[in-house]
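Text of model.cif (mmCIF, C-alpha atoms) as supplied:
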```
data_query
#
loop_
_atom_site.group_PDB
_atom_site.id
_atom_site.type_symbol
_atom_site.label_atom_id
_atom_site.label_comp_id
_atom_site.auth_asym_id
_atom_site.auth_seq_id
_atom_site.Cartn_x
_atom_site.Cartn_y
_atom_site.Cartn_z
ATOM 1 C CA MET A 299 -0.602 -30.316 39.683
ATOM 2 C CA ARG A 300 1.303 -28.818 36.761
ATOM 3 C CA THR A 301 -0.722 -27.793 33.710
ATOM 4 C CA VAL A 302 0.602 -27.590 30.175
ATOM 5 C CA ARG A 303 -0.771 -25.012 27.730
ATOM 6 C CA HIS A 304 -0.478 -25.813 24.022
ATOM 7 C CA VAL A 305 0.989 -22.779 22.221
ATOM 8 C CA ALA A 306 1.846 -23.868 18.677
ATOM 9 C CA ARG A 307 2.331 -26.894 16.468
ATOM 10 C CA ALA A 308 4.006 -27.347 13.114
ATOM 11 C CA SER A 309 4.593 -30.332 10.861
ATOM 12 C CA GLY A 310 6.819 -30.637 7.822
ATOM 13 C CA THR A 311 7.343 -33.048 4.976
ATOM 14 C CA THR A 312 10.056 -33.644 2.438
ATOM 15 C CA GLY A 313 10.947 -36.578 0.233
ATOM 16 C CA ALA A 314 12.735 -37.958 -2.795
ATOM 17 C CA ALA A 315 10.313 -36.238 -5.189
ATOM 18 C CA THR A 316 10.917 -32.884 -3.483
ATOM 19 C CA PRO A 317 13.827 -30.614 -4.426
ATOM 20 C CA PRO A 318 16.790 -31.063 -2.054
ATOM 21 C CA TYR A 319 16.347 -29.374 1.348
ATOM 22 C CA ARG A 320 12.834 -28.082 0.600
ATOM 23 C CA VAL A 321 10.339 -28.699 3.392
ATOM 24 C CA ASP A 322 6.624 -27.996 3.152
ATOM 25 C CA ILE A 323 5.419 -26.838 6.550
ATOM 26 C CA ARG A 324 1.917 -26.784 7.955
ATOM 27 C CA LEU A 325 1.139 -24.536 10.922
ATOM 28 C CA GLY A 326 -2.547 -24.843 11.750
ATOM 29 C CA ARG A 327 -4.414 -23.511 8.691
ATOM 30 C CA HIS A 328 -1.245 -21.997 7.226
ATOM 31 C CA GLN A 329 1.201 -23.529 4.788
ATOM 32 C CA LEU A 330 4.662 -22.312 3.919
ATOM 33 C CA THR A 331 7.898 -23.618 2.491
ATOM 34 C CA SER A 332 11.357 -23.596 4.002
ATOM 35 C CA ASP A 333 14.480 -24.160 1.920
ATOM 36 C CA GLU A 334 18.172 -23.487 1.958
ATOM 37 C CA PRO A 335 19.595 -20.694 -0.209
ATOM 38 C CA ALA A 336 21.122 -21.701 -3.550
ATOM 39 C CA PRO A 337 24.755 -21.301 -2.345
ATOM 40 C CA ALA A 338 24.001 -23.935 0.332
ATOM 41 C CA GLY A 339 22.580 -26.372 -2.238
ATOM 42 C CA GLY A 340 18.909 -25.505 -1.888
ATOM 43 C CA GLY A 341 16.463 -23.932 -4.293
ATOM 44 C CA ASP A 342 15.719 -20.827 -2.174
ATOM 45 C CA ALA A 343 11.979 -21.619 -2.383
ATOM 46 C CA GLY A 344 11.372 -20.152 1.069
ATOM 47 C CA PRO A 345 13.115 -18.901 4.190
ATOM 48 C CA SER A 346 15.851 -21.030 5.722
ATOM 49 C CA PRO A 347 15.223 -22.632 9.114
ATOM 50 C CA PHE A 348 17.285 -19.886 10.794
ATOM 51 C CA GLY A 349 15.313 -17.326 8.780
ATOM 52 C CA LEU A 350 12.121 -18.769 10.223
ATOM 53 C CA LEU A 351 13.656 -18.611 13.704
ATOM 54 C CA VAL A 352 14.535 -14.911 13.497
ATOM 55 C CA GLY A 353 11.223 -14.303 11.713
ATOM 56 C CA ALA A 354 9.440 -15.720 14.759
ATOM 57 C CA LEU A 355 11.463 -13.419 17.012
ATOM 58 C CA VAL A 356 10.655 -10.397 14.828
ATOM 59 C CA ALA A 357 6.934 -11.214 14.701
ATOM 60 C CA CYS A 358 6.679 -11.846 18.432
ATOM 61 C CA THR A 359 8.594 -8.667 19.260
ATOM 62 C CA ALA A 360 6.470 -6.481 16.985
ATOM 63 C CA MET A 361 3.171 -7.986 18.197
ATOM 64 C CA THR A 362 4.100 -7.768 21.863
ATOM 65 C CA LEU A 363 5.314 -4.166 21.646
ATOM 66 C CA ARG A 364 2.177 -3.067 19.760
ATOM 67 C CA MET A 365 0.029 -4.686 22.470
ATOM 68 C CA TYR A 366 2.136 -3.070 25.199
ATOM 69 C CA ALA A 367 1.876 0.386 23.609
ATOM 70 C CA ALA A 368 -1.887 0.018 23.063
ATOM 71 C CA ARG A 369 -2.450 -1.069 26.675
ATOM 72 C CA ASN A 370 -0.555 1.993 27.849
ATOM 73 C CA GLY A 371 -2.442 4.323 25.491
ATOM 74 C CA TRP A 372 0.657 5.312 23.531
ATOM 75 C CA GLU A 373 0.356 6.337 19.894
ATOM 76 C CA LEU A 374 2.680 4.047 17.989
ATOM 77 C CA SER A 375 2.188 4.975 14.339
ATOM 78 C CA GLU A 376 4.861 2.562 13.172
ATOM 79 C CA LEU A 377 7.217 -0.032 14.587
ATOM 80 C CA GLY A 378 10.032 -1.880 12.823
ATOM 81 C CA VAL A 379 11.922 -4.938 14.029
ATOM 82 C CA ASP A 380 14.994 -6.393 12.330
ATOM 83 C CA ALA A 381 16.883 -9.467 13.547
ATOM 84 C CA ARG A 382 19.914 -11.314 12.269
ATOM 85 C CA TYR A 383 21.413 -14.629 13.313
ATOM 86 C CA ASP A 384 25.198 -14.735 13.069
ATOM 87 C CA ILE A 385 27.750 -17.459 13.800
ATOM 88 C CA ASP A 386 31.392 -16.522 14.387
ATOM 89 C CA ASP A 387 34.497 -18.531 13.425
ATOM 90 C CA ASP A 388 34.380 -20.356 16.768
ATOM 91 C CA GLY A 389 30.785 -21.467 16.191
ATOM 92 C CA ARG A 390 29.260 -19.064 18.721
ATOM 93 C CA ALA A 391 25.848 -17.835 17.661
ATOM 94 C CA THR A 392 24.343 -14.437 18.399
ATOM 95 C CA ILE A 393 21.117 -12.753 17.457
ATOM 96 C CA GLU A 394 21.126 -9.003 16.993
ATOM 97 C CA ARG A 395 17.695 -7.358 17.153
ATOM 98 C CA THR A 396 17.071 -3.729 16.189
ATOM 99 C CA ILE A 397 13.757 -2.071 17.013
ATOM 100 C CA THR A 398 12.869 1.150 15.220
ATOM 101 C CA VAL A 399 10.239 3.458 16.707
ATOM 102 C CA PRO A 400 8.945 6.918 15.770
ATOM 103 C CA SER A 401 11.363 9.684 16.758
ATOM 104 C CA GLU A 402 8.558 11.566 18.491
ATOM 105 C CA LEU A 403 7.960 8.703 20.948
ATOM 106 C CA ALA A 404 8.837 9.925 24.454
ATOM 107 C CA PRO A 405 12.229 8.688 25.739
ATOM 108 C CA GLU A 406 10.606 7.021 28.769
ATOM 109 C CA HIS A 407 8.230 5.150 26.432
ATOM 110 C CA ARG A 408 11.184 4.019 24.286
ATOM 111 C CA GLN A 409 12.912 2.729 27.415
ATOM 112 C CA ARG A 410 9.839 0.818 28.545
ATOM 113 C CA LEU A 411 9.437 -0.719 25.069
ATOM 114 C CA ALA A 412 13.096 -1.806 25.148
ATOM 115 C CA GLU A 413 12.489 -3.456 28.529
ATOM 116 C CA ALA A 414 9.307 -5.135 27.262
ATOM 117 C CA ALA A 415 11.202 -6.477 24.231
ATOM 118 C CA GLU A 416 13.447 -8.432 26.606
ATOM 119 C CA ARG A 417 10.372 -10.208 27.995
ATOM 120 C CA THR A 418 8.568 -11.235 24.791
ATOM 121 C CA PRO A 419 7.579 -14.930 24.769
ATOM 122 C CA VAL A 420 9.945 -15.920 21.925
ATOM 123 C CA THR A 421 12.823 -13.934 23.443
ATOM 124 C CA VAL A 422 12.305 -15.736 26.743
ATOM 125 C CA ALA A 423 12.058 -19.162 25.034
ATOM 126 C CA LEU A 424 15.287 -18.582 23.106
ATOM 127 C CA ARG A 425 17.179 -17.337 26.146
ATOM 128 C CA ARG A 426 16.000 -20.181 28.363
ATOM 129 C CA GLY A 427 17.040 -22.791 25.834
ATOM 130 C CA THR A 428 13.700 -24.591 25.646
ATOM 131 C CA PRO A 429 14.205 -28.368 26.033
ATOM 132 C CA ILE A 430 13.383 -30.467 22.956
ATOM 133 C CA ALA A 431 12.168 -34.056 23.357
ATOM 134 C CA THR A 432 12.551 -36.149 20.186
ATOM 135 C CA VAL A 433 10.592 -39.308 19.300
ATOM 136 C CA LEU A 434 11.531 -41.281 16.174
ATOM 137 C CA GLN A 435 8.792 -43.448 14.669
ATOM 138 C CA PRO A 436 8.252 -45.308 11.381
ATOM 139 C CA PHE A 437 5.630 -44.246 8.852
ATOM 140 C CA PRO A 438 2.593 -46.527 9.073
ATOM 141 C CA LYS A 439 2.548 -49.375 6.549
ATOM 142 C CA PRO A 440 -0.053 -48.946 3.797
#
```

For this file, write the structure as structure tokens.
Amino acid sequence: MRTVRHVARASGTTGAATPPYRVDIRLGRHQLTSDEPAPAGGGDAGPSPFGLLVGALVACTAMTLRMYAARNGWELSELGVDARYDIDDDGRATIERTITVPSELAPEHRQRLAEAAERTPVTVALRRGTPIATVLQPFPKP
């Protein structure tokens, strides 16, 4: 029998009384706002949806690599992760991720961190192309 493990849930709301493109998002006990930048017609009140996507990749990468280093007993005084989502003229999307580690980190440890970065949960989900099932339902009548 196949088991399913709940990992995360988010809900968002927007409406006529909300500035265009702004979405208020609830993730468990956390609230944040997503919006489009001003040049795209939004109010830039929060990160764009693609900003949230690469933000999730950055957070997952940094957390996973810190855990990996700690489990291996490596001193990792600092770790930086930068990601950008680009779309070329043909509509092909790519994500470029740069991981910055202390220069004194041993080369073999850097290599193992680079390999671990390829296996982080969000990296794997993005590469697999996680299926999305959509259900459309009406708001309940008052």

Between atom CA of Gln409 of chain A and atom CA of Leu350 of chain A, what is the distance in Å, rounded to a tenth?
27.5 Å

Excluding same-chain residues fewer than 3 positions from segment 386-400 of chain A, what lies within 9 Å of it counting all atoms listed in the file, as a ChimeraX atom specification?
/A:352,355-356,359-360,374-383,403,408,412,415

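Atom to atom, atom CA of Val420 of chain A and atom CA of Cys358 of chain A stand 6.3 Å apart.
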
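For the pair atom CA of Glu402 of chain A and atom CA of Asn370 of chain A, the separation is 16.2 Å.
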
I want to know what sits within 10 Å of segment 303-320 of chain A, based on all atoms listed in the file, with residues of the same chain fewer than 5 positions away left out; could you give that as a short mmCIF file (atom, residue, chain, number, x, y, z; two decimals) with C-alpha atoms, in the coordinates of the input?
```
data_model
loop_
_atom_site.label_atom_id
_atom_site.label_comp_id
_atom_site.auth_asym_id
_atom_site.auth_seq_id
_atom_site.Cartn_x
_atom_site.Cartn_y
_atom_site.Cartn_z
CA LEU A 325 1.14 -24.54 10.92
CA GLY A 326 -2.55 -24.84 11.75
CA HIS A 328 -1.25 -22.00 7.23
CA GLN A 329 1.20 -23.53 4.79
CA LEU A 330 4.66 -22.31 3.92
CA THR A 331 7.90 -23.62 2.49
CA SER A 332 11.36 -23.60 4.00
CA ASP A 333 14.48 -24.16 1.92
CA GLU A 334 18.17 -23.49 1.96
CA PRO A 335 19.60 -20.69 -0.21
CA ALA A 338 24.00 -23.94 0.33
CA GLY A 339 22.58 -26.37 -2.24
CA GLY A 340 18.91 -25.50 -1.89
CA GLY A 341 16.46 -23.93 -4.29
CA ASP A 342 15.72 -20.83 -2.17
CA ALA A 343 11.98 -21.62 -2.38
CA GLY A 344 11.37 -20.15 1.07
CA PRO A 345 13.12 -18.90 4.19
CA SER A 346 15.85 -21.03 5.72
#
```

Neighbours of point (4.4, -29.9, 30.6) within 12 Å, using all atoms listed in the file, written as a ChimeraX atom specification:
/A:299-305,428-431

Nearest-residue call for Ala404 of chain A, choices A:Ala367, A:Ile323, A:Ala336, A:Leu424, using only C-alpha atoms:
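Counting only C-alpha atoms, the residue closest to Ala404 of chain A is A:Ala367.
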
Find, counting only C-alpha atoms, the residue in A:His407, A:Arg369, A:Pro440, A:Thr421 that gets nearest to Ala354 of chain A.
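Among the listed residues, A:Thr421 lies closest to Ala354 of chain A.
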
Ranking A:Thr362, A:Val433, A:Trp372, A:Ile385 by minimum distance to Glu416 of chain A and counting all atoms listed in the file, which one comes first?
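Smallest distance to Glu416 of chain A is found for A:Thr362.
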
Can you work out which one of A:Phe437, A:Thr432, A:Glu373, A:Leu363 has the shortest atom-to-atom distance to Arg410 of chain A, counting only C-alpha atoms?
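Among A:Phe437, A:Thr432, A:Glu373, A:Leu363, it is A:Leu363 that comes nearest to Arg410 of chain A.
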